[in-house]
Amino acid sequence: MQYGDEQRAHARTLRALAAAVETKDLYTRGHSERVALLCELMAGSLALSYQETEALRFTGMLHDIGKLAIPTRVLRRAEGLSDADLATIATHPARGVEMVRDIEFLRGSIEAIRHHHERMDGRGYPSRLRGEDIPLFARVVAVADAFDSLTTSRSHRDANTAEEAMAELHRRAGAQFDPSIVAALERSLTRHVWEPTRLEPGLMATAGRAFDHDDPAASDLMAESVSIESSMSVPAGSEPNRADPLWAKETAP
């Protein structure tokens, strides 16, 4: 009975935090839950344990919580973003960690929240981690994040089909995404039909053409930003804790 009460309390906390992000960034309506679902689907393909799947799902729900600390004017601007604006957006993973690091049941999600915008080629942020130095959960969220972005409509384009989105992920596998995680998503989608998300015209009109930092093309822009590169000094405590048993599990061969 107590376990069930705890699970319901955790679910309420997750929903409340995700709703706060969606209120600030209208384009993210439903995004957190879809990313969490994609993470859960891939967890099955990766044969993760129940505990690991739960931690990964929590990460999917809260990966963008740090956007609460980003000025709304920056989040909702699509054009004319300065390098300083891009550098501000690039702080959202670390800001997210600051917000949730003391929530005990999210302990297994912290490093993935911090590193979900790293790239396999080492050109991501905030720590320029490369390859398997990126925590497994962060690599999974990166793929789920981009896939949902590609299959969600925007004011300037329609949603891509699942097949079109997978083709783009495969094109970027090895440079931006872990090929084994892209393959895990593809396996998952043979058992689950993924329908593109078409946001209501009224919502898109209200949101405007906001900058979609989850679009894979945006990752290239962020990677080339001089301001981001110069601001990515890693503060104490920001590197992955390799003594953490979850880190050891994630990086085990």
# chains A, B, ... in the order shown; residues from 1 in each chain; ligands from 1
>>> residues_around(residues="segment 172-185 of chain A", least_positions_apart="5", cutoff="6 Å", atoms="only C-alpha atoms", output="PyMOL selection string")
chain A and resi 42+45+119-121
>>> residues_around(residues="Arg198 of chain A", least_positions_apart="4", cutoff="9 Å", atoms="only C-alpha atoms", output="compact mmCIF listing (two decimals) with C-alpha atoms, in the first residue's frame")
# COMPACT_ATOMS: atom_id res chain seq x y z
CA THR A 151 7.26 14.02 -35.79
CA THR A 152 5.55 17.08 -34.28
CA SER A 153 4.17 19.88 -36.47
CA ARG A 154 5.55 23.40 -36.30
CA ASP A 158 4.10 19.74 -41.07
CA ALA A 159 5.02 16.83 -38.85
>>> residues_around(residues="Ser219 of chain A", least_positions_apart="5", cutoff="9 Å", atoms="only C-alpha atoms", output="number ranges by chain")
A: 117, 119, 123-124, 176, 213-214, 224
>>> residues_around(residues="Thr13 of chain A", least_positions_apart="4", cutoff="12 Å", atoms="only C-alpha atoms", output="count of residues only")
15
>>> select_by_dssp(residues="segment 19-185 of chain A", states="strand (DSSP E or B)", output="list in words")
Thr152, Arg154, Arg157, Ala173 and Phe177 of chain A
>>> write_last_selection(atoms="C-alpha atoms", output="PDB file, in the first residue's frame")
ATOM      1  CA  THR A 152       5.549  17.083 -34.280  1.00  0.00           C
ATOM      2  CA  ARG A 154       5.552  23.400 -36.301  1.00  0.00           C
ATOM      3  CA  ARG A 157       6.346  22.760 -41.419  1.00  0.00           C
ATOM      4  CA  ALA A 173      23.785   8.146 -36.337  1.00  0.00           C
ATOM      5  CA  PHE A 177      23.224   9.927 -32.088  1.00  0.00           C
TER       6      PHE A 177
END
>>> closest_residue(among="A:Val97, A:Ala84, A:Val140, A:Leu68", to="Glu40 of chain A", atoms="only C-alpha atoms")
A:Val140
>>> residues_around(residues="Gly30 of chain A", least_positions_apart="3", cutoff="12 Å", atoms="only C-alpha atoms", output="ChimeraX atom specification")
/A:15,18-23,25-27,33-37,60-61,148-149,152,197-199
>>> write_last_selection(atoms="C-alpha atoms", output="PDB file, in the first residue's frame")
ATOM      1  CA  ARG A  15       3.055  15.806 -14.001  1.00  0.00           C
ATOM      2  CA  ALA A  18       6.185  18.838 -16.756  1.00  0.00           C
ATOM      3  CA  ALA A  19       3.069  21.022 -16.844  1.00  0.00           C
ATOM      4  CA  ALA A  20       5.098  23.987 -15.595  1.00  0.00           C
ATOM      5  CA  VAL A  21       7.525  23.611 -18.520  1.00  0.00           C
ATOM      6  CA  GLU A  22       4.671  23.299 -21.018  1.00  0.00           C
ATOM      7  CA  THR A  23       3.075  26.464 -19.700  1.00  0.00           C
ATOM      8  CA  ASP A  25       7.076  26.879 -23.684  1.00  0.00           C
ATOM      9  CA  LEU A  26       3.803  26.261 -25.526  1.00  0.00           C
ATOM     10  CA  TYR A  27       5.486  24.194 -28.241  1.00  0.00           C
ATOM     11  CA  GLU A  33       4.985  12.566 -21.943  1.00  0.00           C
ATOM     12  CA  ARG A  34       5.776  11.522 -25.510  1.00  0.00           C
ATOM     13  CA  VAL A  35       9.522  11.497 -24.823  1.00  0.00           C
ATOM     14  CA  ALA A  36       8.882   9.479 -21.655  1.00  0.00           C
ATOM     15  CA  LEU A  37       6.843   6.968 -23.679  1.00  0.00           C
ATOM     16  CA  GLY A  60      12.082  11.627 -20.266  1.00  0.00           C
ATOM     17  CA  MET A  61       9.416  13.484 -18.332  1.00  0.00           C
ATOM     18  CA  ASP A 148       9.417  13.590 -31.148  1.00  0.00           C
ATOM     19  CA  SER A 149      10.534  16.979 -32.454  1.00  0.00           C
ATOM     20  CA  THR A 152       5.549  17.083 -34.280  1.00  0.00           C
ATOM     21  CA  THR A 197       1.609  14.958 -33.492  1.00  0.00           C
ATOM     22  CA  ARG A 198      -0.139  17.839 -35.202  1.00  0.00           C
ATOM     23  CA  LEU A 199      -0.526  20.742 -32.816  1.00  0.00           C
TER      24      LEU A 199
END
>>> select_by_dssp(residues="segment 127-232 of chain A", states="alpha helix (DSSP H)", output="number ranges by chain")
A: 136-150, 162-172, 179-189, 201-207, 216-224, 226-231
>>> atom_distance(atom1="atom CA of His92 of chain A", atom2="atom CA of Glu54 of chain A")
22.6 Å
>>> atom_distance(atom1="atom CA of Asp212 of chain A", atom2="atom CA of Thr190 of chain A")
27.4 Å
>>> closest_residue(among="A:Leu81, A:Ala55, A:His31, A:His115", to="Arg130 of chain A", atoms="only C-alpha atoms")
A:His115
>>> decode(residues="segment 30-59 of chain A", atoms="N, CA and C atoms", output="mmCIF file, in the first residue's frame")
data_model
loop_
_atom_site.group_PDB
_atom_site.id
_atom_site.type_symbol
_atom_site.label_atom_id
_atom_site.label_comp_id
_atom_site.auth_asym_id
_atom_site.auth_seq_id
_atom_site.Cartn_x
_atom_site.Cartn_y
_atom_site.Cartn_z
ATOM 1 N N GLY A 30 2.607 18.316 -24.404
ATOM 2 C CA GLY A 30 2.616 16.872 -24.575
ATOM 3 C C GLY A 30 3.979 16.275 -24.861
ATOM 4 N N HIS A 31 4.981 17.127 -25.092
ATOM 5 C CA HIS A 31 6.315 16.645 -25.475
ATOM 6 C C HIS A 31 6.934 15.771 -24.393
ATOM 7 N N SER A 32 6.836 16.193 -23.138
ATOM 8 C CA SER A 32 7.472 15.443 -22.053
ATOM 9 C C SER A 32 6.913 14.028 -21.958
ATOM 10 N N GLU A 33 5.592 13.895 -22.039
ATOM 11 C CA GLU A 33 4.985 12.566 -21.943
ATOM 12 C C GLU A 33 5.332 11.708 -23.148
ATOM 13 N N ARG A 34 5.417 12.314 -24.329
ATOM 14 C CA ARG A 34 5.776 11.522 -25.510
ATOM 15 C C ARG A 34 7.224 11.050 -25.429
ATOM 16 N N VAL A 35 8.119 11.912 -24.976
ATOM 17 C CA VAL A 35 9.522 11.497 -24.823
ATOM 18 C C VAL A 35 9.622 10.393 -23.777
ATOM 19 N N ALA A 36 8.878 10.522 -22.688
ATOM 20 C CA ALA A 36 8.882 9.479 -21.655
ATOM 21 C C ALA A 36 8.395 8.150 -22.225
ATOM 22 N N LEU A 37 7.360 8.188 -23.064
ATOM 23 C CA LEU A 37 6.843 6.968 -23.679
ATOM 24 C C LEU A 37 7.870 6.354 -24.621
ATOM 25 N N LEU A 38 8.514 7.180 -25.434
ATOM 26 C CA LEU A 38 9.550 6.673 -26.336
ATOM 27 C C LEU A 38 10.696 6.042 -25.551
ATOM 28 N N CYS A 39 11.071 6.668 -24.443
ATOM 29 C CA CYS A 39 12.128 6.097 -23.595
ATOM 30 C C CYS A 39 11.705 4.741 -23.048
ATOM 31 N N GLU A 40 10.454 4.644 -22.635
ATOM 32 C CA GLU A 40 9.954 3.382 -22.096
ATOM 33 C C GLU A 40 9.946 2.300 -23.174
ATOM 34 N N LEU A 41 9.570 2.677 -24.394
ATOM 35 C CA LEU A 41 9.578 1.708 -25.496
ATOM 36 C C LEU A 41 11.000 1.213 -25.768
ATOM 37 N N MET A 42 11.949 2.125 -25.789
ATOM 38 C CA MET A 42 13.337 1.732 -26.055
ATOM 39 C C MET A 42 13.919 0.915 -24.910
ATOM 40 N N ALA A 43 13.467 1.177 -23.686
ATOM 41 C CA ALA A 43 13.952 0.395 -22.544
ATOM 42 C C ALA A 43 13.662 -1.078 -22.745
ATOM 43 N N GLY A 44 12.502 -1.377 -23.336
ATOM 44 C CA GLY A 44 12.181 -2.772 -23.632
ATOM 45 C C GLY A 44 13.138 -3.363 -24.644
ATOM 46 N N SER A 45 13.465 -2.606 -25.693
ATOM 47 C CA SER A 45 14.401 -3.095 -26.719
ATOM 48 C C SER A 45 15.810 -3.254 -26.172
ATOM 49 N N LEU A 46 16.138 -2.469 -25.136
ATOM 50 C CA LEU A 46 17.479 -2.517 -24.547
ATOM 51 C C LEU A 46 17.554 -3.464 -23.353
ATOM 52 N N ALA A 47 16.443 -4.150 -23.057
ATOM 53 C CA ALA A 47 16.376 -5.120 -21.960
ATOM 54 C C ALA A 47 16.773 -4.515 -20.620
ATOM 55 N N LEU A 48 16.305 -3.298 -20.352
ATOM 56 C CA LEU A 48 16.587 -2.667 -19.072
ATOM 57 C C LEU A 48 15.679 -3.244 -17.996
ATOM 58 N N SER A 49 16.138 -3.173 -16.764
ATOM 59 C CA SER A 49 15.352 -3.651 -15.628
ATOM 60 C C SER A 49 14.189 -2.703 -15.358
ATOM 61 N N TYR A 50 13.277 -3.128 -14.478
ATOM 62 C CA TYR A 50 12.154 -2.270 -14.112
ATOM 63 C C TYR A 50 12.656 -0.977 -13.483
ATOM 64 N N GLN A 51 13.632 -1.083 -12.579
ATOM 65 C CA GLN A 51 14.164 0.107 -11.916
ATOM 66 C C GLN A 51 14.798 1.061 -12.922
ATOM 67 N N GLU A 52 15.569 0.510 -13.844
ATOM 68 C CA GLU A 52 16.210 1.344 -14.860
ATOM 69 C C GLU A 52 15.178 1.981 -15.788
ATOM 70 N N THR A 53 14.159 1.213 -16.154
ATOM 71 C CA THR A 53 13.104 1.745 -17.022
ATOM 72 C C THR A 53 12.383 2.892 -16.345
ATOM 73 N N GLU A 54 12.117 2.750 -15.059
ATOM 74 C CA GLU A 54 11.442 3.797 -14.311
ATOM 75 C C GLU A 54 12.297 5.064 -14.265
ATOM 76 N N ALA A 55 13.586 4.913 -13.993
ATOM 77 C CA ALA A 55 14.475 6.073 -13.945
ATOM 78 C C ALA A 55 14.566 6.746 -15.312
ATOM 79 N N LEU A 56 14.584 5.932 -16.368
ATOM 80 C CA LEU A 56 14.647 6.476 -17.723
ATOM 81 C C LEU A 56 13.358 7.218 -18.070
ATOM 82 N N ARG A 57 12.227 6.674 -17.654
ATOM 83 C CA ARG A 57 10.952 7.340 -17.906
ATOM 84 C C ARG A 57 10.876 8.674 -17.151
ATOM 85 N N PHE A 58 11.360 8.689 -15.909
ATOM 86 C CA PHE A 58 11.397 9.939 -15.151
ATOM 87 C C PHE A 58 12.255 10.975 -15.891
ATOM 88 N N THR A 59 13.373 10.521 -16.434
ATOM 89 C CA THR A 59 14.252 11.422 -17.174
ATOM 90 C C THR A 59 13.534 12.007 -18.377
#
